[in-house]
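Asks: Quick one: this structure, given as C-alpha cells, is what I'll be asking you about.
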Amino acid sequence: MTASTSNTQHLDKLYKLLNDELDRAKSEKTYKYEVPLEGQQAGVVSVSGKNCVMLASNNYLGLSNHPEICEAARKGLNEYGFGLASVRFICGTQPLHRELEEQLADFLGTEDTILFNSCWAANEGFFNAMLSTDLGFKDYRDMIYSDQLNHASIIDGVRLCRIAVKTTDARAYKHNDIAQLTQWMEEDQAQNHRIKIIATDGVFSMEGDTGHLPELVKLAKKHNAMLYVDESHSTGVLGKTGRGTPEEQGVHGQIDVISGTLGKALGGAAGGFITGRRELVDFLRQKARPYTFSNTVPPFIVAASLKALEILKRDNSLVQKLHDNTDYFRTEIVKAGFTILPGVHPIVPVMLGEAAVAQDMSKELLDLGVYVRGLWYPVVPKGEARLRVQISAAHSREDLDRALEAFSKAGKKLGVIQ
Ligand SMILES: Cc1ncc(COP(=O)(O)O)c(C=O)c1O
C-alpha cells in the first residue's frame, strides 16, 4: 500500500460510494470516455494512428490550429508573458485585453465588453451580479424567464442567483414557446417586478436550432425586460458575416446583452465575454464575482483571439465555406436516408431513436475513420438518441464525402437505413 492510500483510509467508505456510482454509469452507458487525440484539433484528426474526419468539435471556422492564430499566440506570449497572476483591478490590465473588449463590441454592435475566463463564468456571474444590489429600491422582486433548453451555465447561473438573492423569481418556459412566455409575462405584469430578464441561447447546442430573437426583442421591449442571449455557438457561425443569430434573424444591434465564448469558433482555446451597454459592462466589472475573484484571461489567448476577430472581419470566406459545407452535409445525409433535425446550423443532429443504436453507430463510424459523438438519455429525451454532427470550415469536400460514405455504410450495416 502506498503512503497516499494509507493516508486516506478513513475515507474508504466514501470512495467506495464514488466507485459504485462510476460503475453504475458504466453499466448504464452514461459514463463519459475521453478519446486521446494524437496532435492538433483539426478537420481531420489522428486517433490511434488512424486519420478520422472530426465531426465532434466546436472548431467551426477551423481556427484552432490556424497558422496566423498560432503565430499571434506566440507573439502575445513573447510580448506580454504567460499570465497576469491575478484579477485586473488588483494586478493591472494589459492594453490587449481592452483592445479585444472593444473589438468584440464593435463586431457585435454593442457599446462595450467584459472578458471572463469562460462563457460558463460569464453566464454564472451575470444574474447574481445584476440582481444582488437593491439599487435604492426597498420592497421589490425580480424575475428571470429562461428557455427550458438553455445551456447548463445559464441554468446554474439562475439557480445560484435564486439561492443567493432571495428577491429573485424564475420561470422556465417550454423550448422556444413564445406563446407561453407571452402569456406568463402578461400574467406577471401585476407583480411589478423591478428587473425582468429573458434569457435564451442563440443556438441550442443539442438541437442546433435557434432562439426566436425577433419575437423576443418585441416581447422584451413591450414589458421593459432585458433580453440576454448566449451566442456561444453562433458568433463566427451564423449570419452572412458571422455576427451570429441576431444577424441571421435581422436583429443585429437590438439584443440588450450578449454572452459568448472564445472557446469555439473564435479559436477554440478558452475565454468568454458579456457585451452590451457601457453602464452594464462597468457595473459587471464591479459586481460579477467570477470577474472580480478569478484570474484574468491569459494574454497569449487574448492576442490570438484578436487575430481570430481580425480574420473574421477581413473577409467572410471562412464563414461562407462553413455555410456551404453545412448545406452540403445536411442535403446529402438526408439523401442517404437519415433523419435530421431541420435547421441551418453546422450542428446537425442525426436522429437514431434508441441509445444502443447511437452507441453502435458511433463505434462503427470511428472504425470507418469518422469521429462523432452520440447523445442519449438523460442528455436528450428517451427515444431521441442521436449523433451530433458538427461541421467545420476546416473540412474539405473530400472529408465530407468520406464521412457521408461511412454514415451510409454503418447505417446499412446496423439497419438504420436501407
Ligand atoms: C450555449 C453555451 N453556453 C456556454 C458554454 C460554455 O462556454 P465555455 O466553454 O466558454 O465555458 C457552452 C459550451 O459548451 C455553450 O454551448
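Following the order of the C-alpha cells, first chain is A, next is B, and so on, with residues numbered from 1 inside each chain and ligands from 1 in the order they appear.
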Do you know which residues are at most 6 Å from Gly374 in chain A counting only C-alpha atoms, after dropping those on the same chain fewer than 3 positions away, and could you put them as a list in words?
Replies: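 The residues satisfying every condition are Ala358, Arg386 and Leu387 of chain A.
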Asks: Which residues sit within 9 Å of ligand 1, counting only C-alpha atoms and all ligand atoms, listed as an MDAnalysis selection string?
Replies: chainID A and resid 58 116:123 150:154 200:206 230:234 259:264 268:273
Asks: Could the residues in this selection be written to a file with N, CA and C atoms, as a tab-separated table (two decimals), in the first residue's frame?
Replies:
```tsv
chain	number	residue	atom	x	y	z
A	58	ASN	N	-16.29	22.07	-31.72
A	58	ASN	CA	-16.88	23.38	-31.98
A	58	ASN	C	-15.91	24.27	-32.77
A	116	PHE	N	-14.34	37.32	-19.55
A	116	PHE	CA	-14.33	36.36	-18.43
A	116	PHE	C	-13.43	35.19	-18.85
A	117	ASN	N	-13.15	34.30	-17.90
A	117	ASN	CA	-12.32	33.15	-18.24
A	117	ASN	C	-13.04	32.11	-19.09
A	118	SER	N	-14.35	32.17	-19.11
A	118	SER	CA	-15.13	31.24	-19.93
A	118	SER	C	-16.53	31.83	-20.06
A	119	CYS	N	-17.29	31.31	-21.00
A	119	CYS	CA	-18.68	31.76	-21.08
A	119	CYS	C	-19.46	31.18	-19.90
A	120	TRP	N	-19.01	30.03	-19.40
A	120	TRP	CA	-19.64	29.48	-18.20
A	120	TRP	C	-19.57	30.52	-17.08
A	121	ALA	N	-18.37	31.07	-16.88
A	121	ALA	CA	-18.18	32.07	-15.81
A	121	ALA	C	-19.03	33.31	-16.08
A	122	ALA	N	-19.11	33.71	-17.35
A	122	ALA	CA	-19.90	34.90	-17.71
A	122	ALA	C	-21.37	34.66	-17.36
A	123	ASN	N	-21.90	33.52	-17.80
A	123	ASN	CA	-23.32	33.22	-17.54
A	123	ASN	C	-23.58	33.04	-16.05
A	150	ASN	N	-32.03	25.97	-22.29
A	150	ASN	CA	-30.82	26.80	-22.18
A	150	ASN	C	-29.64	25.98	-21.67
A	151	HIS	N	-28.45	26.48	-22.00
A	151	HIS	CA	-27.22	25.79	-21.59
A	151	HIS	C	-27.14	25.70	-20.05
A	152	ALA	N	-26.47	24.64	-19.60
A	152	ALA	CA	-26.34	24.38	-18.16
A	152	ALA	C	-25.79	25.59	-17.40
A	153	SER	N	-24.94	26.38	-18.03
A	153	SER	CA	-24.35	27.53	-17.31
A	153	SER	C	-25.38	28.62	-17.05
A	154	ILE	N	-26.38	28.76	-17.93
A	154	ILE	CA	-27.46	29.71	-17.65
A	154	ILE	C	-28.34	29.13	-16.54
A	200	THR	N	-32.05	33.42	-23.22
A	200	THR	CA	-32.15	32.33	-24.20
A	200	THR	C	-30.78	32.07	-24.83
A	201	ASP	N	-30.57	30.83	-25.25
A	201	ASP	CA	-29.42	30.55	-26.11
A	201	ASP	C	-29.76	31.10	-27.50
A	202	GLY	N	-28.76	31.62	-28.20
A	202	GLY	CA	-28.96	31.99	-29.60
A	202	GLY	C	-29.12	30.71	-30.41
A	203	VAL	N	-28.20	29.78	-30.19
A	203	VAL	CA	-28.29	28.44	-30.80
A	203	VAL	C	-28.25	27.42	-29.67
A	204	PHE	N	-29.16	26.46	-29.72
A	204	PHE	CA	-29.25	25.43	-28.68
A	204	PHE	C	-28.36	24.25	-29.10
A	205	SER	N	-27.45	23.89	-28.18
A	205	SER	CA	-26.35	23.02	-28.60
A	205	SER	C	-26.75	21.58	-28.86
A	206	MET	N	-27.84	21.09	-28.30
A	206	MET	CA	-28.22	19.69	-28.53
A	206	MET	C	-29.07	19.56	-29.79
A	230	ASP	N	-27.24	34.02	-25.22
A	230	ASP	CA	-25.94	33.33	-25.21
A	230	ASP	C	-25.62	32.91	-26.64
A	231	GLU	N	-24.58	33.56	-27.19
A	231	GLU	CA	-24.23	33.34	-28.60
A	231	GLU	C	-23.01	32.43	-28.77
A	232	SER	N	-22.80	31.54	-27.81
A	232	SER	CA	-21.59	30.70	-27.85
A	232	SER	C	-21.45	29.90	-29.15
A	233	HIS	N	-22.57	29.37	-29.65
A	233	HIS	CA	-22.49	28.55	-30.86
A	233	HIS	C	-22.82	29.36	-32.11
A	234	SER	N	-22.90	30.68	-31.97
A	234	SER	CA	-23.38	31.47	-33.11
A	234	SER	C	-22.38	32.52	-33.60
A	259	SER	N	-23.90	37.10	-24.37
A	259	SER	CA	-22.72	36.44	-23.81
A	259	SER	C	-22.16	35.53	-24.89
A	260	GLY	N	-20.87	35.24	-24.80
A	260	GLY	CA	-20.26	34.40	-25.84
A	260	GLY	C	-18.98	33.78	-25.34
A	261	THR	N	-18.38	32.97	-26.20
A	261	THR	CA	-17.16	32.26	-25.82
A	261	THR	C	-16.06	32.51	-26.84
A	262	LEU	N	-14.81	32.44	-26.37
A	262	LEU	CA	-13.67	32.44	-27.28
A	262	LEU	C	-13.24	31.00	-27.54
A	263	GLY	N	-13.97	30.07	-26.93
A	263	GLY	CA	-13.56	28.65	-26.95
A	263	GLY	C	-14.22	27.82	-28.03
A	264	LYS	N	-14.86	28.45	-28.98
A	264	LYS	CA	-15.47	27.65	-30.07
A	264	LYS	C	-14.99	28.24	-31.41
A	268	GLY	N	-11.11	28.57	-30.30
A	268	GLY	CA	-11.29	27.30	-29.59
A	268	GLY	C	-10.43	27.10	-28.35
A	269	ALA	N	-9.77	28.16	-27.86
A	269	ALA	CA	-8.91	27.95	-26.67
A	269	ALA	C	-9.75	28.07	-25.40
A	270	ALA	N	-9.98	29.28	-24.95
A	270	ALA	CA	-10.74	29.50	-23.72
A	270	ALA	C	-11.05	30.98	-23.58
A	271	GLY	N	-11.99	31.28	-22.74
A	271	GLY	CA	-12.36	32.68	-22.50
A	271	GLY	C	-13.80	32.92	-22.90
A	272	GLY	N	-14.40	33.88	-22.21
A	272	GLY	CA	-15.79	34.21	-22.52
A	272	GLY	C	-15.99	35.70	-22.38
A	273	PHE	N	-17.18	36.17	-22.66
A	273	PHE	CA	-17.42	37.61	-22.56
A	273	PHE	C	-18.90	37.92	-22.44
```
Asks: Excluding Asn192 in chain A and residues on its chain fewer than 2 positions from it, collect all residues at most 10 Å away from it, counting only C-alpha atoms, and give them as number ranges by chain.
Replies: A: 140-143, 188-190, 194-196
Asks: Save the residues we just selected, C-alpha atoms, as a PDB file, in the first residue's frame?
Replies:
```pdb
ATOM      1  CA  TYR A 140     -39.151  44.632  -4.806  1.00  0.00           C
ATOM      2  CA  ARG A 141     -38.901  41.304  -6.600  1.00  0.00           C
ATOM      3  CA  ASP A 142     -37.100  40.468  -9.853  1.00  0.00           C
ATOM      4  CA  MET A 143     -37.984  37.858 -12.474  1.00  0.00           C
ATOM      5  CA  ASP A 188     -46.900  38.608 -14.176  1.00  0.00           C
ATOM      6  CA  GLN A 189     -47.420  42.255 -15.100  1.00  0.00           C
ATOM      7  CA  ALA A 190     -49.439  42.927 -11.942  1.00  0.00           C
ATOM      8  CA  ARG A 194     -38.235  45.626 -10.634  1.00  0.00           C
ATOM      9  CA  ILE A 195     -35.968  43.890 -13.176  1.00  0.00           C
ATOM     10  CA  LYS A 196     -37.173  41.357 -15.749  1.00  0.00           C
TER      11      LYS A 196
END
```
Asks: Show which residues sit within 8 Å of Glu124 in chain A, as a PyMOL selection string. Count only C-alpha atoms, and ignore same-chain residues fewer than 5 positions away.
Replies: chain A and resi 153-154+156-158+160+290
Asks: Could you dump the residues just selected with C-alpha atoms as a JSON list (two decimals), in the first residue's frame?
Replies:
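Result file out.json:
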```
[["chain", "number", "residue", "atom", "x", "y", "z"],
["A", 153, "SER", "CA", -24.35, 27.53, -17.31],
["A", 154, "ILE", "CA", -27.46, 29.71, -17.65],
["A", 156, "ASP", "CA", -26.81, 27.15, -12.91],
["A", 157, "GLY", "CA", -26.43, 30.93, -13.06],
["A", 158, "VAL", "CA", -30.16, 31.35, -12.44],
["A", 160, "LEU", "CA", -27.17, 30.28, -7.91],
["A", 290, "PRO", "CA", -16.18, 35.29, -11.48]]
```
Asks: Which distance in Å separates CA of Ala42 in chain A and CA of Ser57 in chain A, to one decimal?
Replies: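 Computing the Euclidean distance for CA of Ala42 in chain A and CA of Ser57 in chain A yields 8.7 Å.
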Asks: Per DSSP on the backbone, filter range 28-254 of chain A down to the residues in helix (DSSP H, G or I) and report them as JSON, numbers by chain.
Replies: {"A": [67, 68, 69, 70, 71, 72, 73, 74, 75, 76, 77, 78, 79, 80, 88, 89, 90, 91, 95, 96, 97, 98, 99, 100, 101, 102, 103, 104, 105, 106, 107, 108, 119, 120, 121, 122, 123, 124, 125, 126, 127, 128, 129, 130, 131, 152, 153, 154, 155, 156, 157, 158, 159, 160, 161, 162, 163, 164, 178, 179, 180, 181, 182, 183, 184, 185, 186, 187, 188, 189, 190, 191, 213, 214, 215, 216, 217, 218, 219, 220, 221, 222, 245, 246, 247, 248]}
Asks: Kindly indicate which residue among A:Val47, A:Ala303, A:Ile155, A:Ser408 lies nearest to Glu34 in chain A, using only C-alpha atoms for the distances.
Replies: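 For Glu34 in chain A, the nearest of the given residues is A:Val47.
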